[in-house]
Each structure stands twice: as structure tokens, then as C-alpha cells.
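What follows is a set of notes on a single structure, which appears directly below.
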Amino acid sequence: MTLRLFIPADAAALAVGAEEVASALQTAAARQKAAVDIIRTGSRGLHWLEPMIEAQTPAGRVAYGPVTPGDADGLLAAILGDTAHPLRQGLTEDIPWLKRQTRLTFARCGIVDPRSLQDYRAHGGCKGLQRALSLGPAAIVEELAQSGLRGRGGAGFPTGIKWRTVAQTQAPQKYIVCNADEGDSGTFADRMIMEGDPFVLIEGMVIAGIAVGATKGYIYIRSEYPHAVASMEAAIAAARRGGLLGNPIAQSAYSFDVEVRVGAGAYVCGEETSLLESLEGKRGQVRAKPPLPAHKGLFGRPTVINNVLSFASVPVIMDNGAAFYRDFGVGKSRGTMPIQLAGNIKCSGLFETAFGITLGELVDEIGGGTRSGRPVRAVQVGGPLGAYFPRALFDTPFDYEAFAARDGLIGHGGIVVFDDTVDMAKQARFALEFCAIESCGKCTPCRIGSARGVETIDRIMRDEKRAANTEVLEDLCNTMKFGSLCALGGFTPYPVMSALTHFPEDFGARPHLQAAE
Amino acid sequence: MHQYHRNPKPVPWDKETALLRIRECVHLEGPLLPILHALQSEFGYIDEAAEPLIADALNITRAEVHGVVTFYHDFRRKPAGRHVLKLCRAEACQSAGGDALASHAEARLGVAMGDTAADGGVTLEPVYCLGLCSVAPSAMLDGRLVGRLDQERLDGLLAEARK
């Protein structure tokens with residue numbers, strides 16, 4: 001009987017040698033004269049175990065990791081002989097790290113062959129679209145609004161309201177735009193979906209097109225993600241062949257097509273209006289709102305612009321109904337969030353769970369603390385524009401409002417862990433420096449404020465008029481926060497002020513003498 | 001069409017080829033970025049002589065084209081070295097020791113981040129996130145991704161880049 005081996009072709013797995021492992025296993029199979037069928041999948045998200053391979057057994061898939069090419073021969077023999085192996089992790093579904101998750105958006109990632117529409121359908125794909133077609137446009141929007149889904153890109157705006165606005169705006173042409181410009185450090189969920197389950201994103205965009213009356217979609221992917229671009233392009237071609245995209249879409253009266261566009265290394269293009277400018281072929285400069293993209297978006301037409309995870313969550317909502325999704329989560333944060341554990345953390349990867357889990361559980365219990373083995377000192381949540389939280393705030397539940405109440409944000413769900421060797425003044429300086437590098441230049445608070453901010457922190461770090469300069473920095477942050485056009489200038493104060501507030505000792509302040517200075 | 005991958009063997013600038021690449025994209029909605037990616041893939045950079053050609057084809061001003069070329073970090077205005085080594089400098093990689101690796105690479109190659117070595121062998125560039133934050137620190141050598149970078153692996157990449 002042919003042995004089926006699943007090996008991820010996800011970029012994170014490739015970066016740690018998955019390709020070499022795949023070819024070593026191929027060679028080992030030839031040497032051991034074993035019939036082996038290697039299927040390349042996305043990643044299950046247990047990145048600390050990557051390259052993690054899975055073998056099909058009658059009981060289910062069994063995981064092994066982290067595998068090196070040198071392990072191939074012994075590993076294959078152990079799999080074929082069903083004997084013990086030090087890298088054996090047991091049945092994948094029973095690994096506690098995975099078992100503890102609630103995988104709705106990531107239900108298929110790492111399991112299916114991302115190039116096969118047939119495999120997608122065999123694992124529950126396209127069922128959301130089927131139900132959406134039976135509901136019709138108005139009911140789709142209503143279902144989505146009822147689900148409580150909020151924009152997973154970071155802003156957290158109710159997706160249903162966005163769709164309703166576009167649906168109600170009359171225009172000869174409307175667009176669906178997917179924001180796949182996942183630039184936040186500490187995040188990789190969009191990339192994993194595009195590489196591991198690209199059809200779910202296409203299905204979500206098709207449903208959006210039907211709901212609002214749009215026939216054309218664009219996926220704007222950052223150029224730093226070449227594997228995601230290749231995966232999406234292959235999936236789009238397969239979707240066209242298989243009737244998931246087309247004029248009309250199979251068994252319906254609707255038409256929809258999608259095209260991939262590649263960014264060019266500008267972080268600010270993750271901001272929705274800047275992304276639209278970039279798609280139009282302009283400098284990625286932010287637009288003032290109003291008009292909202294829902295009224296005047298791409299090429300001045302009504303446009304639904306959502307993050308990859310938002311679109312990828314639509315099929316499961318349509319398939320199971322709004323109530324099913326809404327029942328997960330807390331307060332105004334409904335459903336699940338694919339949380340990304342990154343940086344100096346022992347058990348890194350993708351952890352999808354209902355909103356409400358605490359930061360401490362995520363970092364200590366699930367993440368297992370730092371990879372360096374040193375104490376956790378700070379975690380940055382929500383990317384470069386997110387706040388640094390000290391251990392004292394680890395009881396914060398992971399939901400939009402709870403983080404906002406503590407002057408932070410969950411953003412796109414990335415958590416970057418730092419150990420006690422971190423210099424928080426340096427991190428604050430980097431936040432401003434990054435803002436200065438990436439500012440689109442349109443508004444003064446961001447363009448000038450970020451540069452002045454770097455200079456001011458340098459003075460503080462040199463111990464030059466510390467109290468006066470700290471006051472200048474705080475004032476500057478206030479101006480940026482309230483005076484910037486978009487989140488780049490508006491949120492850069494979060495990492496800066498949180499570092500200053502929670503870690504004053506790194507800025508030279510002596511905790512108890514601060515007031516006397 | 002989506003020729004944004006780094007072409008290992010870019011050809012020297014040539015007007016006729018450039019016009020061909022431009023013509024292949026003009027039918028697109030918002031064709032400018034696809035055109036620039038196609039040209040950079042072909043020649044390894046965007047020659048200044050391409051700007052008036054693009055302006056002409058799209059019926060926009062040369063200033064508008066120039067503004068777009070210079071806005072995006074990806075577009076080069078001169079050829080890169082034979083190899084391009086990108087080191088991630090963003091927070092997740094910082095938390096895992098990325099800063100020290102960047103300094104090490106600069107010292108070994110004798111170039112500052114963003115520069116090309118004098119012999120034209122290698123260009124060292126910062127990148128702000130490759131989405132490999134769970135296997136940080138990370139790097140990209142000519143399109144090949146490397147995670148869990150440490151000094152030993154980096155030295156391996158540097159040796160490869162200097163070949």
C-alpha cells in the first residue's frame with residue numbers, strides 16, 4: 001500500500017528546510033523501495049516543530065518534527081514499521097497545542113493540498129458559497145452582520161456594515177479588494193491562508209461579490225510574500241477551471257473574477273486607502289476620509305476592502321450560520337481570532353481561538369515562555385503600531401475593547417515576545433524610526449513628528465534635559481495620535497508611550513525618584 | 001505578467017524590450033505597478049530612460065512616473081549586486097537577536113545596510129518583515145528564505161553571496 005506523507009510547502013517551513021526534508025524522504029523511499037506519495041500542504045501552524053511532516057495511518061495523521069534531512073532514512077523506516085521514533089509527536093489532532101484551538105478560519109490549513117480545488121471541496125469547501133447562493137445578496141449581508149465579524153486587518157470595523165454600505169450604493173461597477181499587504185512584524189496568518197488554503201479566500205471574495213453586486217476582485221499581496229503570490233495565482237487558475245470563478249460562476253447567475261496584484265515594499269500600503277492608490281498605479285499615499293472606500297473606493301467606485309482573514313472567515317459563517325460564529329468570543333469581539341505567536345517564544349506559530357483568552361495564557365501556557373529561556377519582559381501586541389505590555393498586564397483578555405482600555409490594540413493578532421535583555425528605549429526609538437521610513441508623507445504629524453520623535457528620544461537616551469525632552473516626546477505623541485491622517489502616524493505613539501509608561505527605567509528614569517527630577 | 005521575482009540573470013537595458021514589456025501591461029486596470037515590476041524583473045532595475053516611455057504609454061506626466069518609482073522601496077534606480085541578501089530588521093527578528101546578526105553581516109561584507117559591496121558581488125538590504133516571525137530571525141538570499149538564522153547560518157549565506 002502506498003504511504004501518504006504530508007510535508008508543508010509553507011514559507012516558514014521552507015525557511016527551516018522543508019524542501020530538503022521532502023527530497024531526502026523521496027530519496028529514502030527509493031532506497032527502501034517503499035511506495036510513498038508525498039503531498040505538499042500548508043502548515044498546521046506548529047511552527048516550532050517545523051519542518052513537521054505527517055504520515056497517514058488508519059488512526060489518522062501522525063506528526064513528526066522538527067525533521068532534518070538526516071532523519072529521513074530512520075524516520076521512514078520507523079513510519080513503515082510503525083515503530084517508535086524520537087521525533088514522533090503522536091496523532092496530530094491530539095497534540096495539546098492544536099487540540100486546545102478552535103479552528104474555524106484555519107480549519108483546512110495544513111490538511112489540504114492548496115493546489116487542489118477538488119481537495120478543497122472534499123474538506124467542506126464551497127459549502128458557504130452554496131448556502132450564500134440560496135440566501136441571496138440581502139440575506140448574505142444580514143447573516144454577516146449578525147455574525148459579529150469585525151475587520152481582522154486590525155481596525156476591527158464591523159464587516160457587515162461595510163458590505164451593506166457598498167450593497168446600498170448604486171454604481172455601474174463595484175470592486176472587492178483583498179488587503180493581503182500583511183506588513184506587521186509578528187504576523188503571518190494571511191500568508192499561511194494564502195499558501196495553505198487559498199480557495200477559502202477566493203470563496204469569501206466571491207460571496208462578497210454576490211452580496212454587494214461586484215464582479216471584479218483584486219488581491220493586493222506584498223512583494224515580500226513570493227510564495228503566497230504563486231499559491232494564489234495557481235489557485236485562481238484552478239478556480240477558473242473549476243467554476244468557482246467565472247462568467248458566470250458555476251450553477252449561478254452571478255459572475256466574478258479575481259486578479260493578484262503585487263505590492264512594492266511600502267508598509268503604508270496596508271492602510272486601505274493607500275492600498276487603493278497603489279492599485280490604481282499611484283504613490284501609496286493615504287486618502288482623507290470621507291469619502292469612504294465603500295462609497296468611492298478603487299477607481300472611484302464603491303469598494304469592499306477587507307483583510308485576508310476577514311474574507312477567509314466568511315465561508316464558515318455562511319455555512320454554519322451567524323449564530324454559530326457569534327457564539328464564540330466575548331463582549332463585542334465575536335468569533336475566533338487566528339493569533340500569531342512570534343519572536344522570542346518557545347512554542348511559536350498560529351493559534352486560533354475564541355476571543356477572551358488572556359495574554360498571559362497565550363504567552364506562558366501556550367507559548368511556553370521565551371525560546372532563549374530567559375524571563376519574559378515585554379510583549380508587543382498588534383504589530384509595529386501596537387503597545388508593549390509588561391507582565392503586569394498579562395491578565396488582559398484578548399479582545400478589541402479590553403486592549404483598547406489598556407492603551408493597546410490587538411491589531412492583526414500578532415504577539416512578539418521579548419526577554420529581559422530588551423532595551424525598551426531602543427524599541428520606542430525603532431517605532432518612530434520605522435514610522436519615519438514608512439511615512440507616506442501626506443500629513444505633517446506623521447512625516448515630521450516621527451523624525452522629531454527619533455531626535456527627541458536620542459536626547460533622552462543621552463540624558464540631555466531628560467524631563468523637558470520627555471515632556472516634548474509625550475506632546476509629540478499626542479499630536480501624532482490625534483492629528484495624523486491614518487493609523488501609521490496615529491498609532492505609532494502606542495509602542496512609544498507604552499514603553500515610556502511601563503518601562504521608565506529604560507529611559508534613564510529611576511522609578512522612585514522620577515517625580516523629584 | 002507578475003514578474004516581480006528577482007530575475008537571477010537580468011539583461012542590459014534595451015529600449016525595444018522595455019517597450020514590449022510596457023505594451024504587455026497597458027491593458028490592465030492600474031497598469032503602472034505591473035509595468036514597473038516587469039521592467040525591474042527584466043533589467044534588474046528601472047532605468048531612468050524607461051520613465052518617459054511609460055509616461056507616454058499611459059498618458060501621464062514623467063513626474064508622475066518618477067514619483068511612483070521613487071515612492072516604493074522595491075524599485076531600484078541602479079542595478080543591484082550579483083546577489084541580494086535581505087535581513088529582516090523588524091521587531092520579531094529584533095527580539096530573537098536580529099540586530100547583532102545585521103551588524104555581523106555589515107562587518108563581514110564591509111558594507112552598510114542598503115549598500116552594495118565594492119566588487120558588485122552582493123547587496124545587503126534591510127527588509128521589514130518576511131512573515132517568518134515564528135522562525136525568527138529570518139533572511140532572504142536571492143529569493144530563498146532562511147529562518148532560525150544564527151551566526152553560523154549567516155556566515156554560510158555570506159560565503160554563498162560572495163561566490
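Residue numbering restarts at 1 for every chain of the C-alpha cells, chains are lettered A, B, ... in their displayed order, and ligands are numbered from 1 as they appear.
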Produce a table with one row for each residue of chain A that has an atom at most 7 Å from any atom of chain B, each row naming the nearest atom pair and its distance in Å at one decimal; use only C-alpha atoms; arrange rows by chain and rising residue number; format as a tab-separated table.
```
residue	atom	partner	partner_atom	distance
A:Ala12	CA	B:Leu132	CA	5.5
A:Ala15	CA	B:Val146	CA	4.2
A:Val16	CA	B:Gly147	CA	5.4
A:His47	CA	B:Ser134	CA	6.3
A:Gly183	CA	B:Cys129	CA	6.5
A:Ser185	CA	B:Cys129	CA	5.5
A:Gly186	CA	B:Cys133	CA	5.2
A:Thr187	CA	B:Gly131	CA	6.2
A:Phe188	CA	B:Gly131	CA	4.9
A:Glu224	CA	B:Leu130	CA	5.7
A:Tyr225	CA	B:Leu130	CA	6.9
A:Ala264	CA	B:Asp74	CA	5.0
A:Gly265	CA	B:His73	CA	5.2
A:Ala266	CA	B:Tyr72	CA	5.7
A:Leu279	CA	B:Gly30	CA	6.0
A:Glu280	CA	B:Gly30	CA	4.2
A:Gly281	CA	B:Leu32	CA	4.7
A:Lys282	CA	B:Val68	CA	5.9
A:Arg283	CA	B:Val68	CA	4.9
A:Leu341	CA	B:Ser134	CA	6.6
A:Ala342	CA	B:Ser134	CA	4.5
A:Gly343	CA	B:Ala92	CA	4.2
A:Asn344	CA	B:Ala96	CA	5.2
A:Ser348	CA	B:Ser134	CA	5.2
A:Gly349	CA	B:Ser134	CA	5.6
A:Val416	CA	B:Ala92	CA	5.6
A:Val417	CA	B:Ser95	CA	6.8
A:Phe418	CA	B:Ser95	CA	5.2
```
Same residues, C-alpha atoms, saved as a PDB file, in the first residue's frame:
```
ATOM      1  CA  ALA A  12       8.059  29.256   7.291  1.00  0.00           C
ATOM      2  CA  ALA A  15      12.749  28.611   5.548  1.00  0.00           C
ATOM      3  CA  VAL A  16      13.745  25.907   8.002  1.00  0.00           C
ATOM      4  CA  HIS A  47       5.998  26.333  13.723  1.00  0.00           C
ATOM      5  CA  GLY A 183       3.293  44.115   6.844  1.00  0.00           C
ATOM      6  CA  SER A 185       6.033  42.244  12.215  1.00  0.00           C
ATOM      7  CA  GLY A 186       4.825  39.284  14.236  1.00  0.00           C
ATOM      8  CA  THR A 187       2.032  38.395  11.832  1.00  0.00           C
ATOM      9  CA  PHE A 188       1.845  35.700   9.187  1.00  0.00           C
ATOM     10  CA  GLU A 224       7.835  40.036   0.405  1.00  0.00           C
ATOM     11  CA  TYR A 225       5.453  37.059   0.014  1.00  0.00           C
ATOM     12  CA  ALA A 264       6.360  47.069  -3.922  1.00  0.00           C
ATOM     13  CA  GLY A 265       7.659  47.206  -0.382  1.00  0.00           C
ATOM     14  CA  ALA A 266       5.695  50.046   1.166  1.00  0.00           C
ATOM     15  CA  LEU A 279      -3.633  49.516  -7.038  1.00  0.00           C
ATOM     16  CA  GLU A 280      -4.513  52.453  -9.231  1.00  0.00           C
ATOM     17  CA  GLY A 281      -0.825  52.824 -10.015  1.00  0.00           C
ATOM     18  CA  LYS A 282      -0.057  55.827  -7.860  1.00  0.00           C
ATOM     19  CA  ARG A 283       2.223  56.612  -4.933  1.00  0.00           C
ATOM     20  CA  LEU A 341       2.895  33.779  18.473  1.00  0.00           C
ATOM     21  CA  ALA A 342       6.213  35.149  17.317  1.00  0.00           C
ATOM     22  CA  GLY A 343       9.667  36.393  18.168  1.00  0.00           C
ATOM     23  CA  ASN A 344      11.470  35.043  21.202  1.00  0.00           C
ATOM     24  CA  SER A 348       5.693  29.725  18.141  1.00  0.00           C
ATOM     25  CA  GLY A 349       3.051  29.559  15.456  1.00  0.00           C
ATOM     26  CA  VAL A 416       6.010  39.353  19.711  1.00  0.00           C
ATOM     27  CA  VAL A 417       7.763  38.243  22.879  1.00  0.00           C
ATOM     28  CA  PHE A 418      10.924  39.874  24.240  1.00  0.00           C
TER      29      PHE A 418
END
```
Contacts of B:Leu157 within 10 Å, only C-alpha atoms, excl. fewer than 3 positions in-chain, as a JSON list (two decimals) with C-alpha atoms, in the first residue's frame:
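As a result, out_16.json now contains:
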```json
[["chain", "number", "residue", "atom", "x", "y", "z"],
["B", 85, "LEU", "CA", 20.91, 39.42, 0.86],
["B", 105, "ALA", "CA", 26.81, 40.94, 8.19],
["B", 139, "ALA", "CA", 16.71, 36.36, 5.85],
["B", 140, "MET", "CA", 16.26, 36.06, 2.11],
["B", 141, "LEU", "CA", 19.15, 35.34, -0.25],
["B", 146, "VAL", "CA", 16.10, 31.22, 5.63],
["B", 149, "LEU", "CA", 19.18, 32.35, 11.48],
["B", 151, "GLN", "CA", 25.77, 33.45, 13.17],
["B", 152, "GLU", "CA", 26.83, 30.12, 11.69],
["B", 153, "ARG", "CA", 23.98, 30.03, 9.16],
["B", 154, "LEU", "CA", 24.53, 33.68, 8.34],
["B", 160, "GLU", "CA", 27.42, 31.87, -0.75],
["B", 161, "ALA", "CA", 26.75, 35.51, -1.57],
["B", 162, "ARG", "CA", 30.43, 36.26, -2.06]]
```
Report as a list of chain:residue names: the residues of chain B with a DSSP assignment of strand (DSSP E or B), based on the backbone of this structure.
B:His83, B:Val84, B:Leu85, B:Lys86, B:Leu87, B:Cys88, B:Thr116, B:Val122, B:Thr123, B:Leu124, B:Glu125, B:Pro126, B:Val127, B:Ala139, B:Met140, B:Leu141, B:Arg144, B:Leu145, B:Val146
Can you write just those residues out, N, CA and C atoms, as an mmCIF file, in the first residue's frame?
```cif
data_model
loop_
_atom_site.group_PDB
_atom_site.id
_atom_site.type_symbol
_atom_site.label_atom_id
_atom_site.label_comp_id
_atom_site.auth_asym_id
_atom_site.auth_seq_id
_atom_site.Cartn_x
_atom_site.Cartn_y
_atom_site.Cartn_z
ATOM 1 N N HIS B 83 24.305 39.182 -6.052
ATOM 2 C CA HIS B 83 23.428 38.557 -5.066
ATOM 3 C C HIS B 83 22.813 39.642 -4.189
ATOM 4 N N VAL B 84 21.595 39.392 -3.746
ATOM 5 C CA VAL B 84 20.961 40.317 -2.811
ATOM 6 C C VAL B 84 20.632 39.551 -1.536
ATOM 7 N N LEU B 85 21.207 40.022 -0.441
ATOM 8 C CA LEU B 85 20.910 39.415 0.862
ATOM 9 C C LEU B 85 20.047 40.386 1.651
ATOM 10 N N LYS B 86 18.833 39.957 1.970
ATOM 11 C CA LYS B 86 17.934 40.791 2.762
ATOM 12 C C LYS B 86 17.859 40.226 4.167
ATOM 13 N N LEU B 87 18.088 41.094 5.127
ATOM 14 C CA LEU B 87 17.963 40.667 6.519
ATOM 15 C C LEU B 87 16.763 41.366 7.126
ATOM 16 N N CYS B 88 15.919 40.596 7.814
ATOM 17 C CA CYS B 88 14.755 41.224 8.423
ATOM 18 C C CYS B 88 15.181 42.023 9.649
ATOM 19 N N THR B 116 25.878 48.187 -1.736
ATOM 20 C CA THR B 116 26.419 47.069 -2.500
ATOM 21 C C THR B 116 27.931 47.041 -2.297
ATOM 22 N N VAL B 122 27.649 41.604 -3.847
ATOM 23 C CA VAL B 122 26.466 41.421 -3.012
ATOM 24 C C VAL B 122 25.898 42.751 -2.515
ATOM 25 N N THR B 123 24.575 42.823 -2.554
ATOM 26 C CA THR B 123 23.867 43.965 -1.988
ATOM 27 C C THR B 123 23.224 43.506 -0.682
ATOM 28 N N LEU B 124 23.457 44.270 0.378
ATOM 29 C CA LEU B 124 22.884 43.947 1.684
ATOM 30 C C LEU B 124 21.727 44.897 1.947
ATOM 31 N N GLU B 125 20.564 44.351 2.200
ATOM 32 C CA GLU B 125 19.394 45.217 2.367
ATOM 33 C C GLU B 125 18.576 44.855 3.592
ATOM 34 N N PRO B 126 17.992 45.878 4.221
ATOM 35 C CA PRO B 126 17.049 45.574 5.293
ATOM 36 C C PRO B 126 15.698 45.225 4.678
ATOM 37 N N VAL B 127 14.934 44.373 5.344
ATOM 38 C CA VAL B 127 13.566 44.144 4.912
ATOM 39 C C VAL B 127 12.740 44.194 6.193
ATOM 40 N N ALA B 139 15.980 35.699 6.929
ATOM 41 C CA ALA B 139 16.707 36.361 5.847
ATOM 42 C C ALA B 139 16.220 35.820 4.514
ATOM 43 N N MET B 140 16.574 36.529 3.451
ATOM 44 C CA MET B 140 16.259 36.056 2.112
ATOM 45 C C MET B 140 17.485 36.293 1.238
ATOM 46 N N LEU B 141 18.018 35.209 0.664
ATOM 47 C CA LEU B 141 19.152 35.343 -0.247
ATOM 48 C C LEU B 141 18.660 35.036 -1.651
ATOM 49 N N ARG B 144 15.558 33.058 -1.817
ATOM 50 C CA ARG B 144 15.474 31.866 -0.971
ATOM 51 C C ARG B 144 15.336 32.278 0.492
ATOM 52 N N LEU B 145 14.341 31.717 1.176
ATOM 53 C CA LEU B 145 14.076 32.092 2.554
ATOM 54 C C LEU B 145 14.898 31.262 3.528
ATOM 55 N N VAL B 146 15.365 31.924 4.579
ATOM 56 C CA VAL B 146 16.098 31.224 5.625
ATOM 57 C C VAL B 146 15.586 31.696 6.981
#
```
A:Asp94, A:Asp10, A:Glu50, A:Glu352 ranked by distance to A:Ala230, top pick (using only C-alpha atoms):
A:Asp10
Could you tell me how far atom CA of A:Gly335 lies from atom CA of A:Tyr218, in Å and to one decimal?
25.8 Å
Could you name the residues that touch stretch 371-385 of chain A at 8 Å or less, counting only C-alpha atoms, but leaving out those on the same chain fewer than 2 positions away, as a PyMOL selection string?
(chain A and resi 154+184-187+344-347+369+387-391+408-420+422+431+487-488+491-495) or (chain B and resi 91)
Can you tell me which residues surround A:Leu500 at a distance of at most 9 Å, considering only C-alpha atoms, apart from same-chain residues fewer than 5 positions away, and format the answer as a VMD selection string?
chain A and resid 424 to 425 428 470 495 505 to 507
Write the residues of the preceding selection, restricted to C-alpha atoms, as a short mmCIF file (atom, residue, chain, number, x, y, z; two decimals), in the first residue's frame.
```
data_model
loop_
_atom_site.label_atom_id
_atom_site.label_comp_id
_atom_site.auth_asym_id
_atom_site.auth_seq_id
_atom_site.Cartn_x
_atom_site.Cartn_y
_atom_site.Cartn_z
CA MET A 424 12.71 49.44 25.71
CA ALA A 425 14.04 52.89 24.88
CA ALA A 428 10.46 53.05 21.29
CA THR A 470 10.25 63.52 27.88
CA PRO A 495 4.58 51.46 21.23
CA GLU A 505 13.74 52.72 33.94
CA ASP A 506 14.98 52.03 30.41
CA PHE A 507 14.70 55.72 29.60
#
```
Counting only C-alpha atoms, which of A:Pro69, A:Gly209, A:Arg108, A:Lys174 gets nearest to A:Pro137?
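Going through A:Pro69, A:Gly209, A:Arg108, A:Lys174 one by one, the smallest distance to A:Pro137 is for A:Gly209.
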Between atom CA of B:Gly44 and atom CA of B:Ala117, what is the distance in Å, rounded to a tenth?
16.7 Å
By how many Å are atom CA of A:Ser147 and atom CA of A:Arg326 apart?
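Spanning atom CA of A:Ser147 to atom CA of A:Arg326 is a straight-line distance of 4.9 Å.
Closest approach to A:Ile161 among A:Met337, A:Val212, A:Ala238, A:Cys126 is made by A:Val212 (distances from only C-alpha atoms).
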May I ask which of the residues B:Arg82, B:His27, B:Arg62, B:His104 is the closest one to B:Asp150, counting only C-alpha atoms?
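Checking each of B:Arg82, B:His27, B:Arg62, B:His104 against B:Asp150, counting only C-alpha atoms, the winner is B:His104.
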Hey, what's within 12 Å of A:Glu365 if we count only C-alpha atoms and toss same-chain stuff fewer than 2 positions away? As an NGL selection string, please?
:A and (96-97 or 100 or 341 or 345-348 or 357-363 or 367-370 or 394)
How would the residues just chosen look if you wrote them out with N, CA and C atoms as a PDB file, in the first residue's frame?
```
ATOM      1  N   PRO A  96      -1.664  18.560  22.177  1.00  0.00           N
ATOM      2  CA  PRO A  96      -2.420  19.512  23.011  1.00  0.00           C
ATOM      3  C   PRO A  96      -2.455  20.933  22.439  1.00  0.00           C
ATOM      4  N   TRP A  97      -1.350  21.384  21.884  1.00  0.00           N
ATOM      5  CA  TRP A  97      -1.243  22.743  21.345  1.00  0.00           C
ATOM      6  C   TRP A  97      -2.285  22.971  20.246  1.00  0.00           C
ATOM      7  N   ARG A 100      -6.214  22.338  21.710  1.00  0.00           N
ATOM      8  CA  ARG A 100      -6.775  23.411  22.518  1.00  0.00           C
ATOM      9  C   ARG A 100      -7.366  24.526  21.651  1.00  0.00           C
ATOM     10  N   LEU A 341       1.901  33.713  17.408  1.00  0.00           N
ATOM     11  CA  LEU A 341       2.895  33.779  18.473  1.00  0.00           C
ATOM     12  C   LEU A 341       4.278  33.817  17.831  1.00  0.00           C
ATOM     13  N   ILE A 345       9.852  33.267  21.448  1.00  0.00           N
ATOM     14  CA  ILE A 345       8.858  32.438  22.142  1.00  0.00           C
ATOM     15  C   ILE A 345       9.125  30.976  21.802  1.00  0.00           C
ATOM     16  N   LYS A 346       8.959  30.122  22.825  1.00  0.00           N
ATOM     17  CA  LYS A 346       9.328  28.718  22.662  1.00  0.00           C
ATOM     18  C   LYS A 346       8.412  28.000  21.662  1.00  0.00           C
ATOM     19  N   CYS A 347       7.101  28.029  21.928  1.00  0.00           N
ATOM     20  CA  CYS A 347       6.165  27.348  21.037  1.00  0.00           C
ATOM     21  C   CYS A 347       5.502  28.372  20.130  1.00  0.00           C
ATOM     22  N   SER A 348       6.168  28.672  19.035  1.00  0.00           N
ATOM     23  CA  SER A 348       5.693  29.725  18.141  1.00  0.00           C
ATOM     24  C   SER A 348       4.748  29.150  17.103  1.00  0.00           C
ATOM     25  N   ILE A 357      -9.337  34.788  25.630  1.00  0.00           N
ATOM     26  CA  ILE A 357      -8.182  34.153  26.278  1.00  0.00           C
ATOM     27  C   ILE A 357      -7.248  35.276  26.755  1.00  0.00           C
ATOM     28  N   THR A 358      -6.574  35.085  27.887  1.00  0.00           N
ATOM     29  CA  THR A 358      -5.735  36.186  28.371  1.00  0.00           C
ATOM     30  C   THR A 358      -4.353  36.170  27.710  1.00  0.00           C
ATOM     31  N   LEU A 359      -3.734  37.332  27.750  1.00  0.00           N
ATOM     32  CA  LEU A 359      -2.399  37.481  27.183  1.00  0.00           C
ATOM     33  C   LEU A 359      -1.419  36.541  27.889  1.00  0.00           C
ATOM     34  N   GLY A 360      -1.579  36.435  29.211  1.00  0.00           N
ATOM     35  CA  GLY A 360      -0.700  35.562  29.995  1.00  0.00           C
ATOM     36  C   GLY A 360      -0.812  34.097  29.588  1.00  0.00           C
ATOM     37  N   GLU A 361      -2.052  33.634  29.360  1.00  0.00           N
ATOM     38  CA  GLU A 361      -2.247  32.252  28.912  1.00  0.00           C
ATOM     39  C   GLU A 361      -1.528  32.031  27.581  1.00  0.00           C
ATOM     40  N   LEU A 362      -1.668  33.022  26.708  1.00  0.00           N
ATOM     41  CA  LEU A 362      -1.070  32.891  25.375  1.00  0.00           C
ATOM     42  C   LEU A 362       0.447  32.816  25.445  1.00  0.00           C
ATOM     43  N   VAL A 363       1.032  33.694  26.251  1.00  0.00           N
ATOM     44  CA  VAL A 363       2.491  33.784  26.289  1.00  0.00           C
ATOM     45  C   VAL A 363       3.109  32.656  27.130  1.00  0.00           C
ATOM     46  N   GLY A 367       2.500  29.557  24.676  1.00  0.00           N
ATOM     47  CA  GLY A 367       3.791  29.865  24.075  1.00  0.00           C
ATOM     48  C   GLY A 367       4.968  29.236  24.814  1.00  0.00           C
ATOM     49  N   GLY A 368       4.749  28.901  26.092  1.00  0.00           N
ATOM     50  CA  GLY A 368       5.821  28.257  26.858  1.00  0.00           C
ATOM     51  C   GLY A 368       6.966  29.191  27.225  1.00  0.00           C
ATOM     52  N   GLY A 369       6.690  30.496  27.245  1.00  0.00           N
ATOM     53  CA  GLY A 369       7.751  31.449  27.596  1.00  0.00           C
ATOM     54  C   GLY A 369       8.718  31.672  26.446  1.00  0.00           C
ATOM     55  N   THR A 370       9.888  32.176  26.780  1.00  0.00           N
ATOM     56  CA  THR A 370      10.837  32.552  25.718  1.00  0.00           C
ATOM     57  C   THR A 370      11.595  31.345  25.181  1.00  0.00           C
ATOM     58  N   PHE A 394      -0.642  41.035  31.981  1.00  0.00           N
ATOM     59  CA  PHE A 394      -0.889  39.746  31.326  1.00  0.00           C
ATOM     60  C   PHE A 394      -2.289  39.195  31.575  1.00  0.00           C
TER      61      PHE A 394
END
```
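Comparing A:Asn306, A:Gln32, A:Thr501, A:Thr336 by their smallest distance to A:Met205, the closest is A:Asn306 (using only C-alpha atoms).
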A:Ile202 surroundings by only C-alpha atoms, 10 Å radius, close-in-sequence under 5 positions cut, as a PyMOL selection string:
chain A and resi 126+178+194+197+207-208+217+219+232+235-236+239+244-245+257-258+308+311-312+315
Residue nearest A:Ala34 - candidates A:Asp423, A:Asp73, A:Asp407, A:Glu259, atoms counted: only C-alpha atoms
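Counting only C-alpha atoms, the residue closest to A:Ala34 is A:Asp73.
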